[in-house]
Every structure is written in C-alpha cells, then in structure tokens.
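Peer 1: Pasting input.cif below, which is mmCIF, C-alpha atoms.
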data_query
#
loop_
_atom_site.label_atom_id
_atom_site.label_comp_id
_atom_site.auth_asym_id
_atom_site.auth_seq_id
_atom_site.Cartn_x
_atom_site.Cartn_y
_atom_site.Cartn_z
CA MET A 1 5.57 24.91 15.29
CA GLN A 2 4.11 27.22 17.90
CA GLY A 3 0.97 25.15 17.98
CA GLY A 4 3.05 22.04 18.53
CA SER A 5 5.01 23.60 21.40
CA TRP A 6 1.76 24.79 23.01
CA VAL A 7 0.45 21.25 22.88
CA ALA A 8 3.66 19.94 24.43
CA ARG A 9 3.57 22.58 27.17
CA SER A 10 -0.08 21.85 27.89
CA ILE A 11 0.53 18.12 28.12
CA ILE A 12 3.46 18.70 30.50
CA SER A 13 1.25 21.02 32.54
CA PHE A 14 -1.42 18.34 32.63
CA LEU A 15 1.05 15.72 33.80
CA ARG A 16 2.39 18.08 36.48
CA HIS A 17 -1.17 18.72 37.57
CA LEU A 18 -1.75 14.99 37.93
CA ALA A 19 1.39 14.64 40.01
CA SER A 20 0.54 17.63 42.22
CA ARG A 21 -2.96 16.27 42.83
CA GLY A 22 -1.40 13.05 44.00
CA CYS A 23 0.87 14.96 46.44
CA ARG A 24 -1.96 16.99 47.93
CA ARG A 25 -4.23 14.00 48.39
CA SER A 26 -1.53 12.07 50.23
CA THR A 27 -0.71 15.06 52.42
CA SER A 28 -4.28 15.44 53.54
CA LEU A 29 -4.49 11.76 54.44
CA SER A 30 -1.20 11.76 56.36
CA LEU A 31 -2.98 12.75 59.63
CA ASP A 32 -3.62 9.06 59.96
CA HIS A 33 -0.23 7.40 60.45
CA SER A 34 -1.50 4.11 59.10
CA SER A 35 -2.18 5.71 55.73
CA ARG A 36 1.07 7.65 55.41
CA PRO A 37 2.77 6.97 52.18
CA THR A 38 5.53 4.46 52.43
CA ARG A 39 9.03 4.97 51.06
CA GLY A 40 10.97 2.44 49.08
CA ILE A 41 14.67 1.81 48.91
CA SER A 42 15.14 4.69 46.51
CA GLY A 43 13.48 7.09 48.91
CA ILE A 44 10.75 7.97 46.44
CA PRO A 45 7.29 7.87 47.99
CA SER A 46 5.06 5.14 46.56
CA TYR A 47 2.41 7.59 45.41
CA LEU A 48 5.06 9.40 43.36
CA ARG A 49 6.31 6.13 41.93
CA ARG A 50 2.77 5.40 40.76
CA ARG A 51 2.57 8.84 39.17
CA VAL A 52 5.94 8.37 37.49
CA GLY A 53 4.69 5.09 36.11
CA LEU A 54 1.60 6.79 34.73
CA VAL A 55 3.68 9.57 33.18
CA VAL A 56 6.03 7.05 31.57
CA LEU A 57 3.08 5.07 30.24
CA ILE A 58 1.46 8.15 28.70
CA LEU A 59 4.73 9.40 27.23
CA GLY A 60 5.40 5.94 25.82
CA LEU A 61 2.00 5.88 24.17
CA LEU A 62 2.58 9.31 22.69
CA ALA A 63 6.01 8.33 21.42
CA ALA A 64 4.61 5.18 19.84
CA LEU A 65 2.00 7.21 18.03
CA MET A 66 4.15 10.13 16.96
CA ILE A 67 7.56 8.71 16.11
CA PRO A 68 7.67 6.99 12.70
CA THR A 69 9.07 3.53 13.00
CA THR A 70 11.76 2.18 10.73
CA ALA A 71 11.32 -1.40 11.81
CA LEU A 72 10.47 -4.15 9.38
CA GLY A 73 6.76 -4.79 9.19
CA TRP A 74 5.92 -1.12 8.69
CA TYR A 75 3.15 -0.22 6.29
CA GLN A 76 1.05 2.79 5.42
CA TYR A 77 -2.15 3.55 3.55
CA PHE A 78 -0.98 6.85 2.14
CA VAL A 79 -4.12 7.50 0.08
CA TRP A 80 -7.59 6.68 1.29
CA TYR A 81 -10.65 7.59 -0.81
CA GLU A 82 -9.22 10.51 -2.70
CA THR A 83 -10.12 12.00 -6.06
CA PHE A 84 -7.27 11.81 -8.57
CA SER A 85 -7.13 13.98 -11.67
CA PRO A 86 -4.95 13.06 -14.65
CA GLY A 87 -1.40 13.68 -13.45
CA SER A 88 -2.19 13.40 -9.73
CA ILE A 89 0.75 11.98 -7.75
CA ARG A 90 0.92 10.94 -4.11
CA TYR A 91 3.95 9.83 -2.10
CA SER A 92 3.99 7.82 1.10
CA ALA A 93 6.01 8.70 4.18
CA ALA A 94 9.67 7.75 3.85
CA ASN A 95 10.95 4.57 5.42
CA ALA A 96 13.65 1.92 5.12
CA ASN A 97 13.66 -1.26 3.03
CA LEU A 98 10.40 -0.61 1.20
CA ASP A 99 9.54 -3.49 -1.11
CA TYR A 100 5.83 -3.29 -1.89
CA VAL A 101 3.39 -0.71 -3.21
CA GLU A 102 -0.21 -1.22 -4.31
CA MET A 103 -3.00 0.99 -5.67
CA SER A 104 -6.73 0.34 -6.01
CA TRP A 105 -8.99 2.76 -7.89
CA ASP A 106 -12.18 3.12 -9.90
CA SER A 107 -10.93 2.58 -13.43
CA LYS A 108 -14.28 3.61 -14.94
CA GLY A 109 -14.67 0.51 -17.03
CA GLY A 110 -10.98 0.12 -17.67
CA THR A 111 -10.62 3.48 -19.38
CA GLN A 112 -8.53 5.14 -16.66
CA TRP A 113 -5.10 3.86 -15.67
CA GLY A 114 -3.27 3.67 -12.40
CA GLN A 115 0.46 3.37 -11.79
CA VAL A 116 2.67 2.46 -8.83
CA THR A 117 6.40 2.64 -8.20
CA LEU A 118 8.98 2.90 -5.41
CA CYS A 119 11.19 5.99 -5.21
CA TYR A 120 14.52 6.60 -3.50
CA ALA A 121 14.99 9.54 -1.15
CA ASN A 122 16.05 11.68 -4.13
CA TYR A 123 12.72 10.83 -5.84
CA GLN A 124 14.38 8.71 -8.52
CA CYS A 125 11.91 5.88 -9.01
CA ILE A 126 12.33 2.25 -9.97
CA GLY A 127 9.95 -0.46 -11.10
CA TYR A 128 6.82 1.03 -12.64
CA THR A 129 3.68 -1.05 -13.00
CA SER A 130 0.58 0.29 -14.78
CA GLY A 131 -2.82 -1.22 -15.33
CA ASN A 132 -6.46 -0.50 -16.11
CA THR A 133 -8.13 -3.29 -14.13
CA GLY A 134 -8.66 -1.21 -10.96
CA ASN A 135 -5.80 -2.73 -8.96
CA VAL A 136 -2.03 -2.94 -9.52
CA SER A 137 0.89 -3.78 -7.27
CA GLU A 138 4.67 -3.97 -7.43
CA GLY A 139 6.66 -6.17 -5.08
CA PHE A 140 9.82 -7.06 -6.97
CA PHE A 141 12.14 -4.26 -5.89
CA GLN A 142 13.49 -3.33 -2.52
CA ILE A 143 14.85 0.17 -1.90
CA SER A 144 17.11 0.97 1.03
CA TYR A 145 15.22 4.14 1.93
CA GLY A 146 12.48 6.03 0.14
CA ARG A 147 8.80 6.34 -0.54
CA GLY A 148 5.96 4.57 -2.28
CA LYS A 149 4.30 6.46 -5.08
CA CYS A 150 0.98 6.08 -6.86
CA ASN A 151 -0.35 8.25 -9.62
CA SER A 152 -2.89 8.80 -12.32
CA PRO A 153 -0.88 8.97 -15.58
CA THR A 154 -1.02 12.29 -17.41
CA ASP A 155 -2.71 10.77 -20.45
CA ASN A 156 -5.77 9.70 -18.46
CA THR A 157 -8.88 11.65 -19.46
CA GLN A 158 -11.05 11.69 -16.34
CA GLN A 159 -10.95 12.12 -12.60
CA TYR A 160 -11.46 8.98 -10.56
CA THR A 161 -11.62 7.81 -6.97
CA THR A 162 -8.50 6.16 -5.64
CA TYR A 163 -9.65 3.82 -2.89
CA PHE A 164 -6.22 3.31 -1.44
CA CYS A 165 -2.50 3.45 -2.04
CA TYR A 166 -0.52 1.17 0.22
CA VAL A 167 3.20 0.77 0.88
CA ALA A 168 5.07 -1.70 3.06
CA ASN A 169 8.49 -3.05 3.92
CA MET B 1 -4.87 34.88 44.14
CA ARG B 2 -4.33 31.24 44.97
CA GLY B 3 -7.88 30.55 43.88
CA ALA B 4 -7.30 32.25 40.55
CA ALA B 5 -4.07 30.33 40.03
CA ALA B 6 -5.77 27.06 40.86
CA TYR B 7 -8.56 27.94 38.46
CA ARG B 8 -6.02 28.62 35.69
CA ARG B 9 -4.20 25.37 36.45
CA GLY B 10 -7.47 23.49 36.37
CA LYS B 11 -8.47 25.09 33.07
CA HIS B 12 -5.10 24.27 31.55
CA ALA B 13 -5.35 20.75 32.85
CA ILE B 14 -8.76 20.28 31.25
CA LEU B 15 -7.53 21.72 27.96
CA ALA B 16 -4.41 19.59 28.01
CA GLY B 17 -6.44 16.53 28.92
CA ALA B 18 -8.70 17.16 25.97
CA VAL B 19 -5.69 17.54 23.65
CA LEU B 20 -4.14 14.36 25.02
CA ALA B 21 -7.40 12.47 24.58
CA ALA B 22 -7.70 13.77 21.02
CA VAL B 23 -4.14 12.69 20.20
CA LEU B 24 -4.75 9.22 21.62
CA ALA B 25 -8.11 8.89 19.89
CA THR B 26 -6.63 10.01 16.56
CA GLY B 27 -3.83 7.50 16.92
CA ALA B 28 -6.24 4.72 17.80
CA TYR B 29 -8.40 5.61 14.80
CA ALA B 30 -5.39 5.66 12.50
CA ILE B 31 -4.29 2.24 13.73
CA GLU B 32 -7.78 0.83 13.29
CA GLN B 33 -8.10 2.33 9.82
CA ARG B 34 -4.76 0.87 8.79
CA HIS B 35 -5.91 -2.57 9.86
CA GLU B 36 -9.36 -2.26 8.32
CA GLY B 37 -8.14 -0.69 5.09
CA ARG B 38 -9.66 -2.35 2.08
CA ARG B 39 -11.37 -1.56 -1.16
CA PRO B 40 -15.13 -1.41 -0.49
CA ASP B 41 -16.74 -2.40 -3.77
CA SER B 42 -14.84 -5.42 -4.92
CA ALA B 43 -17.25 -6.56 -7.59
CA PRO B 44 -15.26 -8.83 -9.85
CA GLY B 45 -14.40 -7.60 -13.29
CA VAL B 46 -16.09 -9.75 -15.90
CA ILE B 47 -13.74 -12.30 -17.39
CA ALA B 48 -14.54 -15.45 -19.31
CA PRO B 49 -13.38 -18.88 -18.05
CA LEU B 50 -9.65 -19.56 -17.70
CA SER B 51 -10.04 -23.30 -18.13
CA SER B 52 -6.43 -24.40 -18.49
CA ILE B 53 -5.50 -22.57 -15.29
CA GLU B 54 -8.52 -23.62 -13.28
CA GLU B 55 -7.94 -27.28 -14.14
CA SER B 56 -4.28 -27.29 -13.12
CA PRO B 57 -3.17 -28.50 -9.68
CA ALA B 58 -2.67 -26.11 -6.77
CA THR B 59 0.79 -24.70 -6.19
CA ALA B 60 2.84 -24.26 -3.04
CA PRO B 61 4.02 -20.73 -3.78
CA PRO B 62 7.17 -19.01 -2.51
CA PRO B 63 6.53 -17.06 0.72
CA GLY B 64 6.79 -13.67 -0.97
CA ILE B 65 4.17 -14.54 -3.57
CA ALA B 66 1.85 -16.09 -0.99
CA GLU B 67 2.13 -12.99 1.20
CA GLN B 68 1.40 -10.70 -1.74
CA ALA B 69 -1.62 -12.77 -2.84
CA ARG B 70 -2.99 -12.85 0.70
CA GLY B 71 -2.57 -9.09 1.07
CA MET B 72 -4.14 -8.33 -2.31
CA ALA B 73 -7.17 -10.40 -1.27
CA ASP B 74 -7.43 -8.73 2.14
CA ARG B 75 -7.17 -5.23 0.74
CA ASN B 76 -9.57 -5.75 -2.17
CA GLY B 77 -12.56 -7.31 -0.49
CA GLY B 78 -11.56 -10.90 -1.10
CA ASP B 79 -10.95 -13.99 1.01
CA SER B 80 -7.24 -14.47 1.65
CA ASP B 81 -7.56 -18.18 2.40
CA ALA B 82 -9.47 -18.73 -0.83
CA ALA B 83 -6.80 -16.74 -2.66
CA ILE B 84 -4.07 -19.03 -1.37
CA ARG B 85 -6.09 -22.16 -2.16
CA SER B 86 -6.61 -20.98 -5.71
CA LEU B 87 -2.99 -20.07 -6.42
CA ARG B 88 -1.63 -21.71 -9.55
CA LEU B 89 1.80 -21.58 -11.15
CA VAL B 90 0.87 -20.77 -14.72
CA ARG B 91 4.18 -20.21 -16.52
CA THR B 92 7.91 -20.44 -15.82
CA GLN B 93 11.14 -19.35 -17.53
CA LEU B 94 9.65 -16.22 -19.03
CA GLY B 95 11.86 -13.58 -20.61
CA ALA B 96 15.43 -12.63 -19.83
CA ARG B 97 15.05 -13.01 -16.06
CA GLY B 98 13.31 -16.39 -16.18
CA ALA B 99 10.17 -15.00 -14.58
CA ALA B 100 7.25 -17.07 -13.32
CA LEU B 101 3.56 -16.20 -13.59
CA TYR B 102 1.11 -17.04 -10.80
CA MET B 103 -2.66 -16.75 -11.00
CA PHE B 104 -5.26 -16.77 -8.23
CA GLU B 105 -8.74 -15.49 -7.51
CA LEU B 106 -10.10 -13.60 -4.53
CA GLY B 107 -12.83 -16.05 -3.57
CA ASN B 108 -15.53 -14.04 -5.37
CA GLY B 109 -14.43 -14.77 -8.92
CA THR B 110 -12.07 -11.80 -9.27
CA PRO B 111 -9.00 -13.01 -11.18
CA CYS B 112 -5.54 -11.82 -10.17
CA PHE B 113 -1.99 -12.54 -11.26
CA ILE B 114 1.58 -11.89 -10.13
CA LEU B 115 4.66 -11.93 -12.33
CA ALA B 116 7.57 -13.06 -10.13
CA ARG B 117 10.99 -12.07 -11.46
CA SER B 118 13.19 -12.52 -8.45
CA ARG B 119 15.07 -15.63 -7.45
CA SER B 120 14.58 -14.63 -3.83
CA PRO B 121 11.61 -16.58 -2.42
CA ASP B 122 10.77 -13.67 -0.12
CA ARG B 123 10.11 -11.18 -2.89
CA GLY B 124 6.79 -10.49 -4.53
CA GLY B 125 6.23 -9.40 -8.09
CA SER B 126 4.27 -7.20 -10.44
CA GLY B 127 0.60 -7.92 -9.95
CA ALA B 128 -2.97 -6.94 -10.62
CA CYS B 129 -6.52 -7.95 -9.81
CA GLN B 130 -9.32 -7.38 -12.29
CA VAL B 131 -11.74 -5.68 -9.93
CA ASP B 132 -13.25 -3.55 -12.71
CA GLU B 133 -14.56 -4.41 -16.14
CA THR B 134 -12.28 -3.33 -18.97
CA PRO B 135 -12.75 -2.48 -22.66
CA THR B 136 -10.99 -5.77 -23.50
CA PRO B 137 -13.37 -8.43 -22.10
CA GLY B 138 -11.61 -11.63 -21.17
CA VAL B 139 -8.20 -9.98 -20.91
CA ALA B 140 -6.58 -8.58 -17.75
CA TRP B 141 -3.09 -7.20 -18.25
CA ILE B 142 -0.43 -4.80 -16.99
CA VAL B 143 2.64 -3.11 -18.37
CA SER B 144 5.63 -3.14 -16.07
CA GLY B 145 9.25 -2.09 -16.24
CA THR B 146 11.92 0.29 -15.11
CA PRO B 147 13.67 3.06 -16.99
CA THR B 148 16.82 2.73 -14.88
CA GLU B 149 18.82 0.71 -17.34
CA SER B 150 22.07 0.90 -15.41
CA ASP B 151 20.55 -0.62 -12.30
CA ASP B 152 21.42 -4.23 -11.61
CA GLU B 153 17.80 -5.02 -11.02
CA ALA B 154 16.51 -3.34 -14.16
CA PHE B 155 14.16 -5.39 -16.28
CA ALA B 156 12.68 -4.89 -19.69
CA ILE B 157 9.30 -3.30 -20.19
CA THR B 158 6.90 -6.21 -20.05
CA VAL B 159 3.30 -6.70 -21.10
CA VAL B 160 1.80 -9.62 -19.21
CA GLY B 161 -1.71 -10.79 -18.52
CA LEU B 162 -4.46 -13.37 -18.55
CA ALA B 163 -6.44 -14.23 -21.67
CA ALA B 164 -9.68 -16.13 -21.17
CA ASP B 165 -11.00 -18.93 -23.36
CA ASN B 166 -12.81 -16.43 -25.59
CA VAL B 167 -9.54 -14.87 -26.81
CA ALA B 168 -8.01 -16.34 -29.97
CA LYS B 169 -5.01 -14.12 -30.68
CA VAL B 170 -2.86 -11.50 -28.94
CA GLU B 171 -0.53 -9.19 -30.84
CA ILE B 172 1.76 -6.36 -29.83
CA ALA B 173 2.06 -3.63 -32.44
CA GLU B 174 5.06 -1.31 -32.09
CA SER B 175 5.87 1.64 -34.32
CA ASP B 176 7.77 -0.53 -36.79
CA LYS B 177 6.48 -4.10 -36.33
CA THR B 178 3.62 -6.28 -35.17
CA VAL B 179 4.42 -9.43 -33.23
CA GLY B 180 2.13 -12.33 -32.39
CA VAL B 181 2.25 -13.20 -28.69
CA PRO B 182 1.46 -16.83 -27.94
CA ILE B 183 -1.36 -17.57 -25.53
CA VAL B 184 -0.12 -20.35 -23.28
CA ARG B 185 -2.29 -21.68 -20.47
CA ASN B 186 -4.61 -18.67 -20.69
CA SER B 187 -1.76 -16.21 -20.34
CA PHE B 188 0.55 -14.09 -22.47
CA PHE B 189 3.93 -12.47 -21.86
CA TYR B 190 5.96 -10.13 -24.02
CA GLU B 191 9.12 -8.10 -23.39
CA ILE B 192 9.37 -4.91 -25.37
CA ASP B 193 12.77 -3.98 -26.74
CA HIS B 194 12.71 -0.23 -26.49
CA PRO B 195 16.05 1.50 -27.14
CA ALA B 196 16.50 5.03 -25.83
CA GLY B 197 15.26 7.65 -28.25
CA LYS B 198 12.79 5.37 -29.97
CA THR B 199 9.24 6.72 -30.11
CA TRP B 200 6.85 4.85 -27.86
CA GLN B 201 3.86 3.84 -29.94
CA THR B 202 2.65 0.47 -28.77
CA GLU B 203 -0.73 -1.25 -28.93
CA LEU B 204 -2.20 -4.49 -27.66
CA ARG B 205 -4.36 -6.02 -30.41
CA LEU B 206 -6.81 -8.78 -29.55
CA THR B 207 -8.81 -11.11 -31.76
CA TYR B 208 -11.65 -13.00 -30.13
CA VAL B 209 -12.91 -16.47 -30.93
CA ASP B 210 -16.02 -14.96 -32.51
CA GLY B 211 -13.87 -12.82 -34.81
CA ALA B 212 -14.30 -9.55 -32.94
CA ARG B 213 -11.23 -7.32 -32.60
CA LYS B 214 -10.17 -4.92 -29.87
CA VAL B 215 -7.20 -2.57 -29.65
CA SER B 216 -5.81 -1.07 -26.46
CA ARG B 217 -2.99 1.43 -26.23
CA VAL B 218 -0.02 0.30 -24.14
CA PRO B 219 1.04 3.29 -22.02
CA GLY B 220 4.69 4.23 -21.88
CA LEU B 221 6.66 4.20 -18.63
CA PRO B 222 6.92 6.26 -16.57
CA GLY B 223 3.59 8.04 -17.03
#
Can the structure in the file be given as structure tokens, please?

Peer 2:
Amino acid sequence: MQGGSWVARSIISFLRHLASRGCRRSTSLSLDHSSRPTRGISGIPSYLRRRVGLVVLILGLLAALMIPTTALGWYQYFVWYETFSPGSIRYSAANANLDYVEMSWDSKGGTQWGQVTLCYANYQCIGYTSGNTGNVSEGFFQISYGRGKCNSPTDNTQQYTTYFCYVAN
Amino acid sequence: MRGAAAYRRGKHAILAGAVLAAVLATGAYAIEQRHEGRRPDSAPGVIAPLSSIEESPATAPPPGIAEQARGMADRNGGDSDAAIRSLRLVRTQLGARGAALYMFELGNGTPCFILARSRSPDRGGSGACQVDETPTPGVAWIVSGTPTESDDEAFAITVVGLAADNVAKVEIAESDKTVGVPIVRNSFFYEIDHPAGKTWQTELRLTYVDGARKVSRVPGLPG
C-alpha cells in the first residue's frame, strides 16, 4: 500500500511539475505583449487549459489501465505459459456476466487432463468440462458475477505447461 | 536553497516520469499480449478421417457457436475463417436437453467440436480441439457436467466426442453395467446417470476396425 501511495504522490508531483514548467515558461515570454497568454471566457489562461487537458488525458489513460471494467466484451488471459502440477488451480479476476472459459495445455500425448469451469463469487462452481486433447472450453453457462477457473485434476500424474487459460463475458 | 529544492523537484519529476512511463508501457504490453494470446504449437492431434462429417453440407451456425469456433481457432493457432467454413451440424436432439453437436477444423487439420445445450442462439457450449495426440487414436472426447443438481441449468454428466472411421465400437463401462454407445455420423454421445453416493468408476472402451481395443478412464467431476 505504501508503495502504491508513493507512486501516486510521485505522479501527482510529476504532473504539478509539468504545470509549473508551463507557468514559468509563459511568464518569461510575457515581456513581449504579443506573446502574452490569452484568457478565455472562464478566465483560465490558455497555457493552463492545455496543461489541464494533458493532465486529464494522462489520468484517463491511467484509469483505463488500472480500473477493471465490468462492461460486456471483457476478457482475460489469466494463465499464460505456466507450469501446472497435479491439483494446480488458477482463478481469473472477478467480473460480471461471465459465460466462457477455455484452457489449452500440453497434454503429454493425452495422458494429462485439463479442466475448466465458472465459479460464483463464493467459489461455488458450475459447468465442469474435462478433456485430454490439449484444449477444452465451456460456454454454456452464464454467471452473474464470478471468476473463470482452470485446473489440473488431482489424479493427473505429471506436471505440464498450460499455454493459456482464458475467460470472457 | 532554491537550487536544492529545484534539484529535488527535478529528481522527483524524473522518477515519477519513469514510473508513469513504466505503468503505460506495462499496460500497453498487457493489451498487446491479450490480443496476441494464442497457443504456439498447434500441431494437429492425429485423427483418422471423419468421412460422414466431412461429406455433409456446411451449416449456418447460431451466433454463439460461430463466435466460440472462431475464438477457439484464433487462440489455438488456427484460421478462424477456415473454422467457420468447415462448421458442420453433426447431431441434434441429444439427451435430456435436446443438445446439438457441431464439428469444425482449424484450417490445419485439427478437429474440434462443440456440444450446444442451450436454446439461446447467443450461447456457446462444451467444446474441445484435438491439438495433441491421445492414447485413443481416432477418438477425441470430453466429459462435461455440473454437480449442482438443484440449479435450473444443471445438466447430466455427459461423455461426447468424435470417432473417426477407424473406430468400430464405443462402450461406457460403469461400476455395475456396460452400455454400447452408438456411433452416428462419426460421433458419440452418452449421458451418465450418477445418483449421489454412487461410486464413480467409469471407463470409455473402444474397439477399432482392426480389432484392437483401448480403454480410457473417464474422470469424475469435479476433479
């Protein structure tokens, strides 16, 4: 948490620095009346409006990257090239209206199984599909809110590489 | 003093700029990875010809099935357009829910199938692609079901798959009985009646055209 707040403080400091640089540059140029910053109806100098726009753009980008969306069309690769042992389980991030989960793995000649399911927020799961062909998917159910899950069943005998686990709504 | 303060501000600004750049770069990488995500080695699992499916006319699938087939192709090294072109409706009115079975291939010979149980055209189904060889050559299958019997959408535990031309007979052996499962249009489907408390001991038994036999354990759910 402290690391996160330091990052936030540093970013704010950076943005303030950008704004203050803009102020100083305009001040030094104001000896020439023709280059004095103009003021709009709101009374905010144009150079500040440009800085505000930049700040809003950067904050918007950050928000888009950091805030999980609950909109339809969301998807996540929640496993990517990971070694699974017998009994390994991975869950996706939680989201609304999930209706598809898929797993692709190295089944080692069909001897090692993979399994996918969708789980409600309380981790009660519905709709299991298992296979040994290296790829399985389940798209019949829709859960109001929860997570995708993929796992190597406990009665597998070897580790294997899971290429991806994928969930979508 | 002012110089020192300006130096500190500048240092902080550089640090913060680096953090911001790292955050943006990480986000951009994550977005790119999500879009590029696919299985790298999509060598098709070996399966013998599925002649009755391959000779049947193409199918205009429901949107949910088409979307699932396209996505499975994209994510497993296949050609999504080829997957859609190859889609065939193999079986209908299967089991208690009147399920339908669709088959397609990824454009590189990898066979896939989807069992569609829902009446909603926007839903997908339980699917698989045979991207690896298996100990049962000519047969690609899954076991699918839900243990939540009280749920309105619950469905029986189902064994479903493709059986190539080299497969003569499919049987399901439970703890107390062995049932022959008909091969229809290179596919088989069987719903397992499994009351609570009954021991799960189920096998898929295959007999090939050349007389060879293979047995594969059917895993219980959940695992």

Peer 1: If you apply the PyMOL selection byres ((chain A) within 6 of (chain B)) to this file, what residues do you get, as a list of chain:residue names?

Peer 2: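 On the file shown, the PyMOL selection byres ((chain A) within 6 of (chain B)) covers A:Ser10, A:Ile11, A:Phe14, A:Leu65, A:Gly109, A:Gly110, A:Ile126, A:Gly127, A:Tyr128, A:Thr129, A:Ser130, A:Gly131, A:Thr133, A:Gly134, A:Asn135, A:Val136, A:Ser137, A:Glu138, A:Gly139, A:Phe140, A:Pro153, A:Tyr163.
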
Peer 1: Kindly give the distance, in Å, that separates atom CA of A:Cys150 and atom CA of A:Ala121, rounded to a single decimal.

Peer 2: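 Answer for the atom CA of A:Cys150 to atom CA of A:Ala121 separation: 15.5 Å.
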
Peer 1: Mind working out the centre and edge lengths of an axis-aligned box for stretch 152-159 of chain A, all listed atoms inside, 3 Å added to each side, rounded to one decimal in Å and written as AutoDock Vina command-line options?

Peer 2:
--center_x -6.0 --center_y 10.5 --center_z -16.4 --size_x 16.2 --size_y 9.5 --size_z 14.1

Peer 1: So how many Å separate atom CA of A:Trp74 and atom CA of B:Asp81, to one decimal?

Peer 2: 22.6 Å

Peer 1: Exactly which residues make up the result of the PyMOL selection byres ((chain A and resi 166) around 9) on this file, given as a list in words?

Peer 2: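 So the PyMOL selection byres ((chain A and resi 166) around 9), applied here, picks out Tyr75, Gln76, Tyr77, Phe78, Val79, Ser92, Tyr100, Val101, Glu102, Met103, Ser104, Gly148, Lys149, Cys150, Phe164, Cys165, Val167 and Ala168 of chain A.
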
Peer 1: Would you pick out the contacts of B:Glu203 at 7 Å or less, using all atoms listed in the file, so that residues sharing its chain but fewer than 5 positions from it are not included, and give the list as a PyMOL selection string?

Peer 2: chain B and resi 172-174+215-218

Peer 1: Could you tell me how far atom CA of A:Arg90 lies from atom CA of B:Asp74, in Å and to one decimal?

Peer 2: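 That distance, rounded to one decimal, is 22.3 Å.
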
Peer 1: Find the residue from A:Ser107, A:Leu98, A:Tyr91, A:Gly73 that sits nearest to A:Gln159; use only C-alpha atoms when measuring.

Peer 2: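 Once distances to A:Gln159 are computed over only C-alpha atoms, the minimum belongs to A:Ser107.
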
Peer 1: Expand the PyMOL selection byres ((chain B and resi 108) around 7) into the explicit residue set it covers here, and present it as a list in words.

Peer 2: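 The output of the PyMOL selection byres ((chain B and resi 108) around 7) on this file is Pro44, Gly78, Leu106, Gly107, Gly109 and Thr110 of chain B.
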
Peer 1: Store the residues of this selection in a file with C-alpha atoms, as a PDB file, in the frame of the given file.

Peer 2:
ATOM      1  CA  PRO B  44     -15.260  -8.830  -9.850  1.00  0.00           C
ATOM      2  CA  GLY B  78     -11.560 -10.900  -1.100  1.00  0.00           C
ATOM      3  CA  LEU B 106     -10.100 -13.600  -4.530  1.00  0.00           C
ATOM      4  CA  GLY B 107     -12.830 -16.050  -3.570  1.00  0.00           C
ATOM      5  CA  GLY B 109     -14.430 -14.770  -8.920  1.00  0.00           C
ATOM      6  CA  THR B 110     -12.070 -11.800  -9.270  1.00  0.00           C
TER       7      THR B 110
END

Peer 1: Please list as a PyMOL selection string every residue within 7 Å of stretch 207-212 of chain B, counting only C-alpha atoms and excluding residues in the same chain fewer than 2 positions away.

Peer 2: chain B and resi 166-170+205+214

Peer 1: Counting all atoms listed in the file, select every polymer residue within 7 Å of (-9.3, -17.1, -3.8) as defined in the file's coordinates, and provide the selection as a ChimeraX atom specification.

Peer 2: /B:79-86,104-107

Peer 1: May I have the residues from that selection written out with C-alpha atoms, as a PDB file, in the coordinates of the input?

Peer 2:
ATOM      1  CA  ASP B  79     -10.950 -13.990   1.010  1.00  0.00           C
ATOM      2  CA  SER B  80      -7.240 -14.470   1.650  1.00  0.00           C
ATOM      3  CA  ASP B  81      -7.560 -18.180   2.400  1.00  0.00           C
ATOM      4  CA  ALA B  82      -9.470 -18.730  -0.830  1.00  0.00           C
ATOM      5  CA  ALA B  83      -6.800 -16.740  -2.660  1.00  0.00           C
ATOM      6  CA  ILE B  84      -4.070 -19.030  -1.370  1.00  0.00           C
ATOM      7  CA  ARG B  85      -6.090 -22.160  -2.160  1.00  0.00           C
ATOM      8  CA  SER B  86      -6.610 -20.980  -5.710  1.00  0.00           C
ATOM      9  CA  PHE B 104      -5.260 -16.770  -8.230  1.00  0.00           C
ATOM     10  CA  GLU B 105      -8.740 -15.490  -7.510  1.00  0.00           C
ATOM     11  CA  LEU B 106     -10.100 -13.600  -4.530  1.00  0.00           C
ATOM     12  CA  GLY B 107     -12.830 -16.050  -3.570  1.00  0.00           C
TER      13      GLY B 107
END

Peer 1: For A:Ile89, please output as a list in words all residues within 10 Å (counting all atoms listed in the file; exclusion window: fewer than 4 positions along the same chain).

Peer 2: Phe84, Ser85, Gln115, Val116, Lys149, Cys150, Asn151, Ser152, Pro153 and Thr154 of chain A

Peer 1: For the residues in the current selection, export C-alpha atoms as a compact mmCIF listing (two decimals), in the coordinates of the input.

Peer 2:
# COMPACT_ATOMS: atom_id res chain seq x y z
CA PHE A 84 -7.27 11.81 -8.57
CA SER A 85 -7.13 13.98 -11.67
CA GLN A 115 0.46 3.37 -11.79
CA VAL A 116 2.67 2.46 -8.83
CA LYS A 149 4.30 6.46 -5.08
CA CYS A 150 0.98 6.08 -6.86
CA ASN A 151 -0.35 8.25 -9.62
CA SER A 152 -2.89 8.80 -12.32
CA PRO A 153 -0.88 8.97 -15.58
CA THR A 154 -1.02 12.29 -17.41

Peer 1: Given the choices B:Glu67, B:Arg119, B:Val179, B:Arg185, which gets closest to B:Arg88 if the distance is worked out from all atoms listed in the file?

Peer 2: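 Nearest to B:Arg88: B:Arg185.
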
Peer 1: With 7 Å as the threshold, what does the neighbourhood of (13.9, 5.7, 6.3) contain in terms of residues, counting all atoms listed in the file? Coordinates are those of the file; answer as an MDAnalysis selection string.

Peer 2: chainID A and resid 70 94:96 145:146

Peer 1: Which one of A:Thr157, A:Asn132, A:Leu72, A:Val55 sits closest to A:Asn97 if you count all atoms listed in the file?

Peer 2: A:Leu72
